[in-house]
Structures are given as C-alpha cells and as structure tokens.
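Trainee: What follows is my_file26.txt, made up of compact mmCIF, C-alpha atoms:
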```txt
# COMPACT_ATOMS: atom_id res chain seq x y z
CA MET A 1 81.24 -0.51 40.28
CA SER A 2 81.60 -2.02 43.58
CA GLU A 3 79.97 -0.65 46.69
CA HIS A 4 83.28 0.45 48.11
CA GLU A 5 84.04 2.50 45.06
CA HIS A 6 80.58 4.04 45.13
CA ASN A 7 81.08 5.26 48.73
CA GLU A 8 84.36 6.86 47.80
CA THR A 9 82.77 8.55 44.78
CA THR A 10 79.93 10.17 46.82
CA ARG A 11 82.25 11.57 49.60
CA PRO A 12 82.28 15.33 49.36
CA ALA A 13 85.50 16.91 48.19
CA VAL A 14 85.42 19.81 50.72
CA SER A 15 85.61 19.09 54.35
CA PRO A 16 82.92 20.74 56.47
CA PRO A 17 84.07 23.79 58.44
CA ARG A 18 85.46 23.15 61.81
CA PRO A 19 83.88 24.72 64.85
CA ALA A 20 85.35 28.10 65.91
CA PRO A 21 88.10 27.87 68.46
CA ASP A 22 87.54 28.96 72.07
CA ALA A 23 87.05 32.77 72.46
CA SER A 24 88.93 32.88 75.70
CA PRO A 25 91.64 35.37 74.43
CA THR A 26 88.98 37.84 73.41
CA ALA A 27 87.23 37.52 76.76
CA GLY A 28 90.49 38.24 78.56
CA LEU A 29 91.00 41.45 76.55
CA ARG A 30 87.51 42.74 77.47
CA ARG A 31 88.19 42.15 81.14
CA GLU A 32 91.14 44.54 80.92
CA LEU A 33 88.99 47.41 79.50
CA PRO A 34 87.10 49.71 81.94
CA ALA A 35 83.57 48.88 82.74
CA GLU A 36 80.99 50.43 80.53
CA VAL A 37 79.05 53.38 82.02
CA PRO A 38 75.35 53.40 81.52
CA ALA A 39 74.08 56.12 79.24
CA GLY A 40 71.89 57.81 81.88
CA ALA A 41 74.45 57.86 84.77
CA PRO A 42 75.67 61.38 85.87
CA THR A 43 79.32 62.22 85.42
CA ARG A 44 81.35 64.05 88.12
CA ALA A 45 83.16 67.17 86.96
CA PRO A 46 86.84 67.46 87.84
CA ALA A 47 87.59 69.58 90.90
CA PRO A 48 88.94 73.05 90.01
CA ALA A 49 92.55 73.75 90.75
CA GLU A 50 93.46 76.03 93.64
CA GLY A 51 93.35 79.71 92.64
CA ASP A 52 91.11 79.17 89.63
CA VAL A 53 88.05 81.40 89.45
CA PRO A 54 84.93 79.28 88.94
CA LYS A 55 83.19 79.98 85.69
CA PRO A 56 79.62 81.20 86.04
CA SER A 57 76.94 78.78 85.19
CA PRO A 58 75.37 79.52 81.85
CA GLY A 59 71.91 79.62 83.44
CA LEU A 60 72.70 82.54 85.91
CA THR A 61 71.66 86.13 85.26
CA GLY A 62 74.04 89.08 85.39
CA ARG A 63 72.90 90.10 88.88
CA GLN A 64 73.27 86.57 90.19
CA ARG A 65 76.79 86.36 88.75
CA LEU A 66 77.63 89.70 90.41
CA VAL A 67 76.36 88.51 93.79
CA LYS A 68 78.21 85.25 93.41
CA GLY A 69 81.42 87.14 92.62
CA LEU A 70 81.11 89.45 95.63
CA TRP A 71 80.07 86.91 98.23
CA PRO A 72 81.82 85.34 99.99
CA PRO A 73 84.33 88.24 99.99
CA ARG A 74 87.94 87.60 99.20
CA VAL A 75 90.03 89.98 101.39
CA THR A 76 93.71 90.44 100.65
CA ARG A 77 96.36 91.85 102.98
CA ALA A 78 96.58 95.13 101.06
CA GLN A 79 92.81 95.64 101.26
CA LEU A 80 92.89 94.99 105.00
CA ILE A 81 95.63 97.61 105.53
CA VAL A 82 93.72 100.19 103.48
CA ALA A 83 90.55 99.48 105.45
CA LEU A 84 92.39 100.03 108.77
CA LEU A 85 93.88 103.32 107.54
CA LEU A 86 90.46 104.57 106.42
CA PHE A 87 88.97 103.57 109.77
CA GLY A 88 91.66 105.50 111.64
CA LEU A 89 91.13 108.57 109.46
CA GLY A 90 87.37 108.47 109.99
CA PHE A 91 87.78 108.06 113.74
CA GLY A 92 90.11 111.06 113.91
CA LEU A 93 87.69 113.24 111.95
CA ALA A 94 84.82 112.16 114.20
CA VAL A 95 86.80 113.09 117.33
CA GLN A 96 87.71 116.48 115.88
CA VAL A 97 84.11 117.24 114.95
CA ALA A 98 82.94 116.15 118.40
CA SER A 99 85.48 118.39 120.15
CA ASN A 100 84.49 121.38 118.00
CA SER A 101 80.82 120.76 118.69
CA ASP A 102 81.50 120.58 122.45
CA SER A 103 83.30 123.93 122.43
CA ASP A 104 80.44 125.57 120.55
CA SER A 105 77.62 123.85 122.43
CA ALA A 106 77.36 126.68 124.95
CA LEU A 107 76.69 129.24 122.24
CA ARG A 108 74.31 126.93 120.36
CA GLY A 109 72.17 126.46 123.44
CA ALA A 110 72.27 130.13 124.46
CA ARG A 111 69.17 132.24 124.45
CA GLN A 112 68.73 135.16 122.11
CA GLU A 113 69.22 137.61 125.00
CA ASP A 114 72.55 135.97 125.87
CA LEU A 115 73.78 136.15 122.28
CA VAL A 116 72.81 139.82 122.07
CA ARG A 117 74.72 140.47 125.30
CA ILE A 118 77.83 138.72 123.93
CA LEU A 119 77.69 140.81 120.75
CA ASP A 120 77.33 143.97 122.84
CA GLU A 121 80.37 142.98 124.84
CA LEU A 122 82.43 142.52 121.68
CA ASP A 123 81.26 145.91 120.43
CA ASP A 124 82.29 147.48 123.75
CA ARG A 125 85.76 145.96 123.49
CA THR A 126 86.13 147.33 119.98
CA GLU A 127 85.00 150.75 121.20
CA ARG A 128 87.54 150.71 124.06
CA LEU A 129 90.37 149.88 121.70
CA GLU A 130 89.27 152.65 119.36
CA ASP A 131 89.18 155.15 122.25
CA GLU A 132 92.66 154.09 123.32
CA LYS A 133 93.89 154.57 119.79
CA GLN A 134 92.37 158.05 119.61
CA GLY A 135 93.91 158.97 122.98
CA LEU A 136 97.39 158.00 121.79
CA GLU A 137 96.92 159.95 118.58
CA LYS A 138 95.82 162.98 120.60
CA GLN A 139 98.93 162.80 122.76
CA ARG A 140 101.08 162.63 119.68
CA ASP A 141 99.36 165.67 118.16
CA GLU A 142 99.76 167.66 121.38
CA LEU A 143 103.45 166.92 121.50
CA GLU A 144 103.89 167.92 117.90
CA ASN A 145 101.81 171.14 118.07
CA SER A 146 102.60 172.40 121.60
CA SER A 147 104.72 175.56 121.81
CA ASP A 148 106.33 174.29 125.00
CA GLN A 149 106.98 170.69 124.10
CA ALA A 150 109.14 170.08 127.18
CA GLU A 151 106.31 171.05 129.58
CA GLU A 152 103.79 169.00 127.63
CA ALA A 153 106.10 166.03 127.62
CA ARG A 154 106.53 166.36 131.41
CA LYS A 155 102.74 166.36 131.95
CA GLN A 156 102.27 163.32 129.79
CA THR A 157 105.12 161.57 131.56
CA ILE A 158 103.49 162.16 134.95
CA GLU A 159 100.15 160.90 133.65
CA LYS A 160 101.78 157.84 132.11
CA GLU A 161 103.63 157.14 135.37
CA ARG A 162 100.33 157.23 137.26
CA GLN A 163 98.71 154.85 134.78
CA LEU A 164 101.66 152.48 134.90
CA GLY A 165 101.61 152.62 138.70
CA VAL A 166 97.99 151.46 138.70
CA LEU A 167 98.82 148.63 136.32
CA ALA A 168 101.94 147.66 138.27
CA GLY A 169 100.05 147.76 141.58
CA THR A 170 102.39 150.30 143.18
CA VAL A 171 99.66 152.93 143.78
CA ALA A 172 96.11 152.63 145.04
CA ALA A 173 93.20 153.10 142.66
CA GLN A 174 89.51 153.76 142.88
CA GLY A 175 86.64 154.00 140.43
CA PRO A 176 83.50 152.24 139.22
CA GLY A 177 83.52 148.49 138.94
CA ILE A 178 82.20 145.28 140.46
CA THR A 179 82.69 143.03 143.46
CA MET A 180 82.57 139.26 142.92
CA THR A 181 82.37 136.95 145.92
CA ILE A 182 82.90 133.18 145.61
CA GLU A 183 81.74 130.95 148.47
CA ASP A 184 83.41 127.53 148.24
CA THR A 185 81.99 125.39 151.02
CA LYS A 186 82.78 122.11 149.22
CA GLY A 187 86.42 122.95 148.56
CA THR A 188 86.06 122.29 144.83
CA VAL A 189 87.31 125.65 143.51
CA GLU A 190 90.86 125.38 142.21
CA ALA A 191 93.51 127.85 141.15
CA ASP A 192 92.88 127.48 137.44
CA MET A 193 89.24 128.51 137.91
CA LEU A 194 90.24 131.74 139.64
CA LEU A 195 92.83 132.33 136.94
CA ASP A 196 90.11 132.00 134.29
CA ALA A 197 88.09 134.62 136.15
CA ILE A 198 91.05 137.03 136.19
CA GLN A 199 91.70 136.55 132.48
CA GLU A 200 88.04 137.05 131.65
CA LEU A 201 87.99 140.29 133.66
CA ARG A 202 91.12 141.54 131.95
CA ALA A 203 89.63 140.79 128.55
CA ALA A 204 86.50 142.75 129.54
CA GLY A 205 88.56 145.87 130.32
CA ALA A 206 89.45 145.56 134.01
CA GLU A 207 92.08 148.17 134.95
CA ALA A 208 92.79 147.08 138.54
CA ILE A 209 92.06 143.76 140.28
CA GLN A 210 92.47 142.72 143.88
CA VAL A 211 91.77 139.20 145.20
CA ASN A 212 91.26 139.26 148.97
CA ASP A 213 94.38 141.17 150.14
CA VAL A 214 96.60 140.53 147.10
CA ARG A 215 96.97 142.93 144.17
CA VAL A 216 96.82 141.24 140.80
CA VAL A 217 99.42 142.43 138.30
CA ALA A 218 100.79 141.27 134.96
CA GLY A 219 103.12 138.70 136.53
CA THR A 220 100.62 137.25 139.02
CA TYR A 221 100.52 133.46 139.27
CA LEU A 222 98.09 131.17 141.11
CA THR A 223 98.72 127.74 142.63
CA ASP A 224 96.70 125.20 144.59
CA SER A 225 97.64 125.34 148.26
CA GLY A 226 95.97 122.79 150.51
CA ASN A 227 92.44 123.94 151.28
CA GLY A 228 93.00 127.32 149.60
CA VAL A 229 94.73 129.01 146.70
CA GLY A 230 98.13 130.68 146.54
CA VAL A 231 98.35 134.07 144.77
CA ASP A 232 101.98 135.10 144.16
CA GLY A 233 102.96 132.91 147.12
CA ASN A 234 100.30 134.38 149.45
CA LYS A 235 97.71 131.86 150.59
CA ILE A 236 94.07 132.97 150.48
CA THR A 237 91.00 131.04 151.58
CA THR A 238 87.29 131.10 150.89
CA PRO A 239 85.37 133.29 150.46
CA TYR A 240 87.33 134.62 147.48
CA ARG A 241 86.48 138.31 147.01
CA PHE A 242 87.41 140.07 143.76
CA LYS A 243 87.44 143.87 143.71
CA VAL A 244 87.64 145.03 140.11
CA ILE A 245 87.79 148.56 138.68
CA GLY A 246 86.38 148.97 135.19
CA LYS A 247 83.16 149.55 133.32
CA PRO A 248 80.50 147.56 135.18
CA GLN A 249 78.37 147.20 132.05
CA ASP A 250 81.23 145.22 130.50
CA LEU A 251 82.58 143.34 133.50
CA GLU A 252 79.40 141.72 134.78
CA PRO A 253 78.16 140.35 131.40
CA ALA A 254 81.63 138.92 130.75
CA LEU A 255 81.34 136.78 133.88
CA ASN A 256 77.76 135.68 133.20
CA ILE A 257 78.06 134.59 129.56
CA PRO A 258 76.84 131.02 128.83
CA GLY A 259 79.61 128.59 129.72
CA GLY A 260 81.58 131.38 131.38
CA VAL A 261 83.11 131.87 134.80
CA VAL A 262 79.90 131.95 136.86
CA GLN A 263 78.40 128.84 135.27
CA THR A 264 81.68 126.94 135.62
CA LEU A 265 81.94 127.75 139.32
CA GLU A 266 78.28 126.92 139.94
CA LYS A 267 78.84 123.50 138.37
CA GLU A 268 81.45 122.95 141.07
CA GLN A 269 78.74 123.72 143.68
CA ALA A 270 80.22 127.12 144.50
CA THR A 271 78.06 130.21 145.14
CA VAL A 272 78.95 133.30 143.08
CA THR A 273 77.65 136.82 143.73
CA VAL A 274 78.41 139.75 141.42
CA GLU A 275 77.52 143.31 142.49
CA ARG A 276 78.00 146.56 140.57
CA SER A 277 79.26 149.67 142.31
CA THR A 278 80.05 153.25 141.37
CA LYS A 279 83.11 153.32 143.62
CA ILE A 280 85.50 150.42 144.15
CA ALA A 281 88.72 150.93 146.12
CA VAL A 282 91.69 148.77 145.24
CA ASP A 283 94.23 149.56 147.97
CA ALA A 284 96.48 146.48 148.11
CA LEU A 285 99.95 147.53 146.92
CA ARG A 286 102.94 145.76 145.48
CA VAL A 287 106.55 146.54 146.33
CA VAL A 288 108.57 147.80 143.41
CA LYS A 289 111.62 145.67 142.84
CA ARG A 290 114.60 147.22 141.16
CA PRO A 291 115.86 145.00 138.37
CA ASP A 292 119.30 143.54 138.85
CA TYR A 293 120.47 143.74 135.26
CA ALA A 294 117.96 145.67 133.14
CA ARG A 295 118.55 149.42 132.83
CA SER A 296 116.80 152.16 130.90
CA SER A 297 118.26 152.65 127.47
CA SER A 298 118.32 156.45 128.05
CA GLN A 299 120.96 156.13 130.78
```
Could you render the structure from this file as structure tokens?
Mentor:
Amino acid sequence: MSEHEHNETTRPAVSPPRPAPDASPTAGLRRELPAEVPAGAPTRAPAPAEGDVPKPSPGLTGRQRLVKGLWPPRVTRAQLIVALLLFGLGFGLAVQVASNSDSDSALRGARQEDLVRILDELDDRTERLEDEKQGLEKQRDELENSSDQAEEARKQTIEKERQLGVLAGTVAAQGPGITMTIEDTKGTVEADMLLDAIQELRAAGAEAIQVNDVRVVAGTYLTDSGNGVGVDGNKITTPYRFKVIGKPQDLEPALNIPGGVVQTLEKEQATVTVERSTKIAVDALRVVKRPDYARSSSQ
C-alpha cells in the first residue's frame, strides 16, 4: 500500500463539528426584554383610583383603623346643611333660655322678705276679687228677696252710678291711699315708664288715680312731649305727682317689688318717694262726652 493510500485510509469518516454560529440574534432578543429587577429592590404599589377607600393595613389595630377612617373628616354637602340647621336650632334655644332667665332674674335675686311681700300681694288681690264676687251676689239676692224690688233697684242704680262716676272721672273721690312723687332732674323719665306705674297701680287695686292735674281713666293715653309727658293731650312736667285711692298696704308694695316701678325709675336716675295716707283727695274731673252713635239698648 502506498503512502498516499495509507493517508486516505486513516482519515476519519466523520467531520469534526463546526463551531457554533454567532449568537447575535439571541442577544438582540434579550435587549428587547425589560431589565431584570434585583431580588431585594422595593416595588412601588399602584396609586389608588379616585374615590376608592384605602384598605387598612393588616398591621393596624381596630382603634387605629377607626381613627384613620374618621380623620381627616370627609364632609359632604348634605352633612354641612344638617350641621347649619342644628346650629341655628341650638342658637334659637339658647336665646329663648337667656330671655326667660333675664325676665326671672329679678325674682331669683330677691330676698326672702321681698318674696313674702309679693305672695301677700297676690293673696290680697285674690281676696279683693272674692269680696267683689260676694258683693255682686249680695246685690242679686237683695233684688230677688226684696218686697219692694223697684225701690231696691233704684238704690242700687244710684250706688252703681256713683261708682261708675268715680271710675269715669266725672265725680271727685276721697279715701285712703298713697302719694307717689317722681323727681326727674335728668329728663330720663319717659311716657312708657309712667304708663307702667299706672298699670301696676291698677293691678294692685287702685280705684282712682290722678297725675298732676289730670284724672286717669280707662281711656287715658300717655305720649312723650318734649321735656315732659302728655296725658290725654295735656302736657305735664316734673315733678310727676300721683294721687292714688286704694288700700295702701297693697299699693305701696306693688310699686316696690324687685324689678318694679321704683327700681326701674331709680335706674334712670330719678328720685321716687311713696307716702301712705288715710285720706287722699282726687278732685280732677273729666267732662262727660255724649256718644254720637251709641245709645242705650233700653231706649
């Protein structure tokens, strides 16, 4: 065998493997994938959508979750309207309670002697009304039981005319009562204050009242008139002198009750003097005016 044949016989039948082609396609694919995140790097949670309620963290306690749910507060329009209505209601109740407490403050701060005097005055008023009721019942019984009912009716008519004349101011009157003098050097006394005094005296049982030279009757009105007061169109000036016929034990306490007429006038820097008397003369008269249209139903 020749040397050439020997070389051909020893050549391996399988060709050795070729080197792997270039891995450039694979490298291009990896560049398109996102970068790898390290295992220990923190991840950012997605932001919650608007209106979503955040879920409580699993590590919070029940109280912490409650506080977190209440604060910061989330106020809606309906809640705001309800809150305003409740505020207005509370404010109105507070004003009402304050006004009631102001009207009763005089009695709350009164002494025990003053409260006893007020109760006595109320008892006296009740007694006067009871006496008036008994008097009317007595007149009725006399009319029913009298043998000469015409004469009895005439007597009662004369007595009633006299009483009505005193009330109407057409006849003079005299009797026990008080005299109240108001000195107003500052000019702070107004018509409504004198009107309060007249009403208080009437409530205490005054039967005849005269202010300066003017007789006070059921239709009397008072107005402010410059540096004085007008009574039924007649101007009067200080000092204002009230001559009142009635029970002095009732009239004077009515003026001196806590928060009453005397204290109100003294707050206006006026000087008030009240004197009791066993004989008061009310001699100012009113002219009787015949009504234009009203007539007695007996005619």
Trainee: Between atom CA of Ile257 of chain A and atom CA of Thr126 of chain A, what is the spacing in Å?
Mentor: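 Between atom CA of Thr126 of chain A and atom CA of Ile257 of chain A the gap is 17.9 Å.
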Trainee: Just the residues within 12 Å of segment 163-171 of chain A, please, counting only C-alpha atoms, with nothing from its chain fewer than 3 positions along; format it as a ChimeraX atom specification.
Mentor: /A:156-160,174-175,202,206-210,214-220,245,281-289
Trainee: Give the answer as one residue: which of A:Gln79, A:Gln139, A:Gln199, A:Asn227 has the shortest atom-to-atom distance to Val261 of chain A, using all atoms listed in the file?
Mentor: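 Closest candidate: A:Gln199.
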Trainee: Can you tell me, as a list in words, what residues are no more than 12 Å from Lys235 of chain A when counting only C-alpha atoms, ignoring any on the same chain fewer than 5 positions away?
Mentor: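 Surrounding residues, per the criterion: Ala191, Val211, Asn212, Asp213, Val214, Tyr221, Leu222, Thr223, Asp224, Ser225, Gly226, Asn227, Gly228, Val229, Gly230 and Tyr240 of chain A.
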Trainee: Please indicate the distance in Å from atom CA of Val272 of chain A to atom CA of Ala204 of chain A, rounded to one decimal place.
Mentor: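 Taking atom CA of Val272 of chain A as the start and atom CA of Ala204 of chain A as the end point, the length is 18.2 Å.
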Trainee: Compare A:Pro291, A:Gly187, A:Gly246, A:Pro258 by their minimum atom-to-atom distance to Lys279 of chain A, counting all atoms listed in the file, and give me the closest one.
Mentor: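 Checking each of A:Pro291, A:Gly187, A:Gly246, A:Pro258 against Lys279 of chain A, counting all atoms listed in the file, the winner is A:Gly246.
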Trainee: Kindly indicate which residue among A:Arg154, A:Leu122, A:Val244, A:Leu255 lies nearest to Asp196 of chain A, using only C-alpha atoms for the distances.
Mentor: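 Nearest candidate to Asp196 of chain A out of A:Arg154, A:Leu122, A:Val244, A:Leu255: A:Leu255.
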Trainee: Could you check how far atom CA of Ser277 of chain A sits from atom CA of Ile198 of chain A, in Å to one decimal?
Mentor: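 So the two atoms, atom CA of Ser277 of chain A and atom CA of Ile198 of chain A, lie 18.3 Å apart.
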Trainee: Please provide the set of residues having any atom within 7 Å of segment 266-270 of chain A, restricted to all atoms listed in the file, with same-chain residues fewer than 3 positions apart removed, written as a PyMOL selection string.
Mentor: chain A and resi 182-185+188-189+262-263
Trainee: Please write the residues from the selection above to a file, keeping C-alpha atoms, as a compact mmCIF listing (two decimals), keeping the file's coordinate frame.
Mentor:
```
# COMPACT_ATOMS: atom_id res chain seq x y z
CA ILE A 182 82.90 133.18 145.61
CA GLU A 183 81.74 130.95 148.47
CA ASP A 184 83.41 127.53 148.24
CA THR A 185 81.99 125.39 151.02
CA THR A 188 86.06 122.29 144.83
CA VAL A 189 87.31 125.65 143.51
CA VAL A 262 79.90 131.95 136.86
CA GLN A 263 78.40 128.84 135.27
```
